[in-house]
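> Structure incoming, see below.
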Amino acid sequence: MRDEIRKIQGLMEEAQYVTDAPVATSVHLAMSLRKPLLIEGHAGVGKTEVAKVMSRMLHTRLIRLQCYEGLDASTALYEWNYQKQLLHIKLGEKAQRGVDEQEHEIFSEPFLLRRPLLQAITQKDQSPVLLVDEIDRSDEELEAFMLEVFAEWQVTIPEIGTISATYPPHVVLTSNRTRELSDALRRRCLYLWIDYPSYDKELRIVERKVPGLNARLASEVARFMESLRRVRLAKVPGVAETLDWAQALAALHADYLDAELISETLGCVLKDADDMKRFSAEVAKSGLASFLPVQG
Amino acid sequence: MSESPRRAPAAPATEIRSLAAAVVRFAGLLRRHGLPVTLVQVTDAVRALEHLDLGDRNEVYLGLRALFVGRPEDAAVYERCFQEFWRATFELAPELPGLIPVGPSDGGPAPTDAKEREQKRETVALDAWGEDTSDDDGEPLGVPGVSDREALTSQDFSTFSADQLDEVLRLTIQIARRLARRLSHRRRPVRRRGRVDLRRTLRANLTKPELIELRYRERKRRKVRLVLLCDVSGSMDLYSRFLLQFLFALQKVFSQVETFTFSTRLTRITEHLHARSYRQVLRRLTDVRDWSGGTRIGESLAQFNHEWPYMVDRRTIVIVLSDGWDTGDPEVLSAELMRIKRRAGRVIWLNPLLGNASYEPLTRGMVAALPLIDHFAAAHNLASLRELASKLTL
């Protein structure tokens, strides 16, 4: 294994992010090839976390663009502060300034609202990490627009001129796959699929993030989650749910899992009435023991 | 693009020095297996090798995967190609990088002529999707052209002969295109004026002392998303094809169309439909057909709910095309359909058998599904497809 990758893995672990070779390799390549990293995976497997950890690792700023349907280029890039411009004109009416002068004034930096993409381009000291979260929620038009920005790292604001980035950002895009992203976008990105964690990885995550939990309970929780994900659920719990649950158990000072404790705290993990029913049916059929590790 | 890279002579492993050339050949192999690998990706891959530990096979595997694989579905293909192409040969040549490419294997037998001809019929119409030939502008919807064609629209698809199908396919697409134009031009009267659009208001009032003329911004109307679940078992296959063609010609009306086929299990074919070769799509349609197993609608819906839980929301219309012959548990079917219904804007079930006057939806599956369906229709001929279009807005 390459030293840089091992180092990244170490740094990520240091930043409280439990990782594995695929994640570390992708992050390493994304940084050294300076390509955007597209991360897909189910909800709650820690996609967004990768970007946060990257910014912590690089000691740089994290700029987040949260996508939603209807997000347009002006909200993502920049907008003039019209209210402020209007007020400025009103206040300056007495001053009898020339049109040119006034125009020059209201279309200048103080009246510019920098949205995340512009912020990412105009960092002065070093490359920030730009997180484009849930890009699958945005429209195709915005996707195409972003591709354009990513290709050149420069934007043109008619009133000011062309701004190009001195420090092009590291880009991380996440998607829940509610919509198929365009091939053009996929081709330009490195791709990483994060699956639900294995038992070992999840155990490490629980141990790392909820240190108050005893070893037995931690392994029981990890095993339970692993088995639970095999049941066909409407909302499969992610790592976020595991951690919520582990924290709840730690707060209750629990030592081990039993039927009562599970039924009391299951709301941390299952968020759907049907899933609760399904789980009880599964327990009735094969017993709770099938969800718990064999005690050795 | 289709020509494969020239096959290198099977050289002994130690003679292959150029890793870059091997990567190029590896990319060719991936391409032949249907992965859309571009030139930029290949050059990036060569660059990436400098940043990877070539003695660590897994690392190279993961690194190249991040570059070449753009979606989880392609991961399995990549895995197979990688295992086939790159062999670890530490013992053989310790001075070489840990990876030695083996000669490219055959990219599968080329499709025979007969097969190609058979597929050609279907692709005639498909190849033209999306491109607007605007010679049919402004014609009223009800008149698809020549009057003897009109007779075709009310005839059940299954009753056409093989050569008639060509004609009907073309007609399907023609009708869909016109419908698309109509649907996308339709404007809803705006009752409330939207928010004031300051950008345009300022522009409009540049020469006036005050902001007199206000400009408004209408809320952007969101398009509807379609999720199609098509039964491709047995006789349903034919109807599925027609529905798919019809809806894909309508494509631009929707924000997105997601397509799945099922018989005993569910397959997502969306990306193949967007994809490069429609021939592949049609092959795929028959690939997933499983004659022995019968149809398991409930199980397939369960798989859909499990694997694509985020795909259905209030702006989504879910269309199931099936005759309702379910060999699975009807309770599973109704439970899973209920889940979809709770999230979807509308659930439409298309059953071509409904076109038959004497048909009654009495199969267990159909009985279980009926109470949960917003719209139940036939889709067995062109006229009914056309009718369906009116149900496709929310």
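Identifiers for the structure tokens are assigned positionally: chains receive A, B, ... in sequence, residues are indexed from 1 per chain, and ligands are indexed from 1 in the order shown.
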Please return, as a ChimeraX atom specification, all residues of chain A lying within 9 Å of chain B when only C-alpha atoms are considered.

/A:1-5,21-23,25-26,28-29,32-33,37-38,40,69-70,80,82-83,86,139-140,176-180,183,186-193,232-236

> Taking the backbone alone, and naming residues the way the document does, which bits of region 24-273 of chain A are strand (DSSP E or B) by DSSP, as a ChimeraX atom specification?

/A:37-41,62-66,78-80,112-114,129-133,154-157,161-164,170-175,190-194

> Take the selection from the previous step and output its residues with N, CA and C atoms, as a compact mmCIF listing (two decimals), in the first residue's frame.


# COMPACT_ATOMS: atom_id res chain seq x y z
N LEU A 37 -14.75 13.98 -6.76
CA LEU A 37 -15.06 12.64 -6.29
C LEU A 37 -16.57 12.52 -6.10
N LEU A 38 -17.17 11.61 -6.84
CA LEU A 38 -18.61 11.39 -6.72
C LEU A 38 -18.85 10.20 -5.80
N ILE A 39 -19.56 10.45 -4.71
CA ILE A 39 -19.81 9.38 -3.75
C ILE A 39 -21.29 9.03 -3.75
N GLU A 40 -21.59 7.77 -3.97
CA GLU A 40 -22.98 7.33 -3.88
C GLU A 40 -23.11 6.28 -2.80
N GLY A 41 -24.31 6.12 -2.30
CA GLY A 41 -24.54 5.13 -1.26
C GLY A 41 -25.85 5.43 -0.58
N LEU A 62 -14.47 24.14 4.51
CA LEU A 62 -15.46 23.32 3.83
C LEU A 62 -16.58 24.23 3.36
N ILE A 63 -16.82 24.22 2.06
CA ILE A 63 -17.92 25.02 1.52
C ILE A 63 -18.97 24.06 1.02
N ARG A 64 -20.19 24.25 1.50
CA ARG A 64 -21.21 23.27 1.22
C ARG A 64 -22.30 23.85 0.34
N LEU A 65 -22.61 23.13 -0.71
CA LEU A 65 -23.74 23.52 -1.55
C LEU A 65 -24.78 22.41 -1.43
N GLN A 66 -25.83 22.71 -0.71
CA GLN A 66 -26.89 21.72 -0.54
C GLN A 66 -27.84 21.84 -1.72
N TYR A 78 -23.86 33.23 -7.75
CA TYR A 78 -23.86 34.56 -7.16
C TYR A 78 -25.17 35.25 -7.49
N GLU A 79 -25.45 36.31 -6.79
CA GLU A 79 -26.65 37.09 -7.02
C GLU A 79 -26.32 38.50 -6.57
N TRP A 80 -26.93 39.47 -7.22
CA TRP A 80 -26.75 40.83 -6.72
C TRP A 80 -27.73 41.06 -5.59
N LEU A 112 -22.40 42.25 -3.97
CA LEU A 112 -22.40 40.91 -4.54
C LEU A 112 -22.63 39.88 -3.44
N LEU A 113 -23.62 39.03 -3.66
CA LEU A 113 -23.84 37.94 -2.71
C LEU A 113 -23.13 36.71 -3.24
N ARG A 114 -22.12 36.28 -2.53
CA ARG A 114 -21.38 35.12 -3.00
C ARG A 114 -22.07 33.85 -2.54
N VAL A 129 -12.44 22.71 0.34
CA VAL A 129 -13.17 21.52 -0.08
C VAL A 129 -14.59 21.96 -0.39
N LEU A 130 -15.03 21.70 -1.61
CA LEU A 130 -16.39 22.05 -1.99
C LEU A 130 -17.25 20.79 -1.95
N LEU A 131 -18.24 20.81 -1.07
CA LEU A 131 -19.14 19.67 -0.97
C LEU A 131 -20.44 20.00 -1.69
N VAL A 132 -20.73 19.27 -2.74
CA VAL A 132 -22.01 19.44 -3.43
C VAL A 132 -22.88 18.28 -2.96
N ASP A 133 -23.75 18.59 -2.01
CA ASP A 133 -24.47 17.54 -1.31
C ASP A 133 -25.77 17.20 -2.04
N GLN A 154 -13.57 28.96 -13.62
CA GLN A 154 -13.68 30.40 -13.73
C GLN A 154 -15.11 30.76 -14.11
N VAL A 155 -15.56 31.90 -13.61
CA VAL A 155 -16.90 32.35 -13.94
C VAL A 155 -16.82 33.80 -14.38
N THR A 156 -17.78 34.16 -15.21
CA THR A 156 -17.80 35.54 -15.67
C THR A 156 -19.03 36.24 -15.11
N ILE A 157 -18.77 37.31 -14.40
CA ILE A 157 -19.86 38.16 -13.93
C ILE A 157 -19.82 39.40 -14.81
N GLY A 161 -16.43 41.15 -14.39
CA GLY A 161 -15.41 40.54 -15.23
C GLY A 161 -15.25 39.07 -14.89
N THR A 162 -14.19 38.50 -15.45
CA THR A 162 -13.99 37.07 -15.25
C THR A 162 -13.17 36.82 -13.99
N ILE A 163 -13.67 35.92 -13.20
CA ILE A 163 -12.95 35.55 -11.99
C ILE A 163 -12.47 34.13 -12.16
N SER A 164 -11.18 33.92 -12.06
CA SER A 164 -10.75 32.53 -12.10
C SER A 164 -10.05 32.15 -10.80
N HIS A 170 -11.06 21.25 -3.97
CA HIS A 170 -11.29 19.81 -4.04
C HIS A 170 -12.80 19.60 -4.00
N VAL A 171 -13.31 18.84 -4.94
CA VAL A 171 -14.77 18.71 -5.02
C VAL A 171 -15.22 17.33 -4.59
N VAL A 172 -16.21 17.30 -3.72
CA VAL A 172 -16.85 16.04 -3.37
C VAL A 172 -18.33 16.18 -3.68
N LEU A 173 -18.87 15.26 -4.46
CA LEU A 173 -20.30 15.28 -4.75
C LEU A 173 -20.92 14.04 -4.11
N THR A 174 -22.08 14.21 -3.52
CA THR A 174 -22.75 13.02 -2.99
C THR A 174 -24.11 12.87 -3.66
N SER A 175 -24.55 11.63 -3.75
CA SER A 175 -25.85 11.35 -4.37
C SER A 175 -26.50 10.15 -3.70
N LEU A 190 -14.23 10.86 -10.23
CA LEU A 190 -13.88 9.56 -9.66
C LEU A 190 -15.11 9.08 -8.94
N TYR A 191 -15.27 7.78 -8.88
CA TYR A 191 -16.50 7.27 -8.33
C TYR A 191 -16.25 6.39 -7.12
N LEU A 192 -17.06 6.59 -6.12
CA LEU A 192 -16.94 5.75 -4.92
C LEU A 192 -18.32 5.36 -4.46
N TRP A 193 -18.53 4.07 -4.31
CA TRP A 193 -19.80 3.57 -3.78
C TRP A 193 -19.54 3.14 -2.35
N ILE A 194 -20.24 3.75 -1.41
CA ILE A 194 -20.09 3.33 -0.01
C ILE A 194 -21.29 2.48 0.37

> Skipping near chain neighbours, those fewer than 6 positions away, what residues fall within 9 Å of Met236 (chain B) using only C-alpha atoms, listed as a list in words?

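Close residues of Met236 (chain B): Cys230, Leu321, Ser322, Asp323 and Pro352 of chain B.
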
> Find the spatial neighbours of Leu337 (chain B), counting only C-alpha atoms, within a cut-off of 12 Å - ignore same-chain residues fewer than 2 positions away - and output them as an MDAnalysis selection string.

chainID B and resid 229 297:305 312 318:320 330:335 339:344 346:349 365:366 368:374

> Using only C-alpha atoms, which protein or nucleic acid residues come within 8 Å of region 158-162 of chain B? Drop anything in the same chain fewer than 4 positions from it, and give the result as a list in words.

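Near neighbours after the sequence-gap exclusion: Asp166, Leu238 and Tyr239 of chain B.
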
> Can you write just those residues out, N, CA and C atoms, as a CSV table (one decimal), in the first residue's frame?


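Final output, selection_14.csv:
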chain,number,residue,atom,x,y,z
B,166,ASP,N,-43.6,-3.2,-37.5
B,166,ASP,CA,-42.8,-2.0,-37.9
B,166,ASP,C,-43.6,-0.8,-38.0
B,238,LEU,N,-44.4,-8.1,-25.1
B,238,LEU,CA,-44.8,-7.3,-26.3
B,238,LEU,C,-45.4,-6.0,-25.8
B,239,TYR,N,-46.3,-6.1,-24.9
B,239,TYR,CA,-46.9,-4.8,-24.4
B,239,TYR,C,-45.9,-3.9,-23.7

> State, in Å with one decimal place, the distance from CA of Ile160 (chain A) to CA of Asp100 (chain A).

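Distance reported for this atom pair: 14.0 Å.
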
> CA of Phe279 (chain A) and CA of Val206 (chain A) are how many Å apart?

22.3 Å

> What does the distance between CA of Tyr78 (chain B) and CA of Leu30 (chain B) come to in Å, to one decimal place?

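Atom-to-atom, CA of Tyr78 (chain B) and CA of Leu30 (chain B) are spaced 6.9 Å apart.
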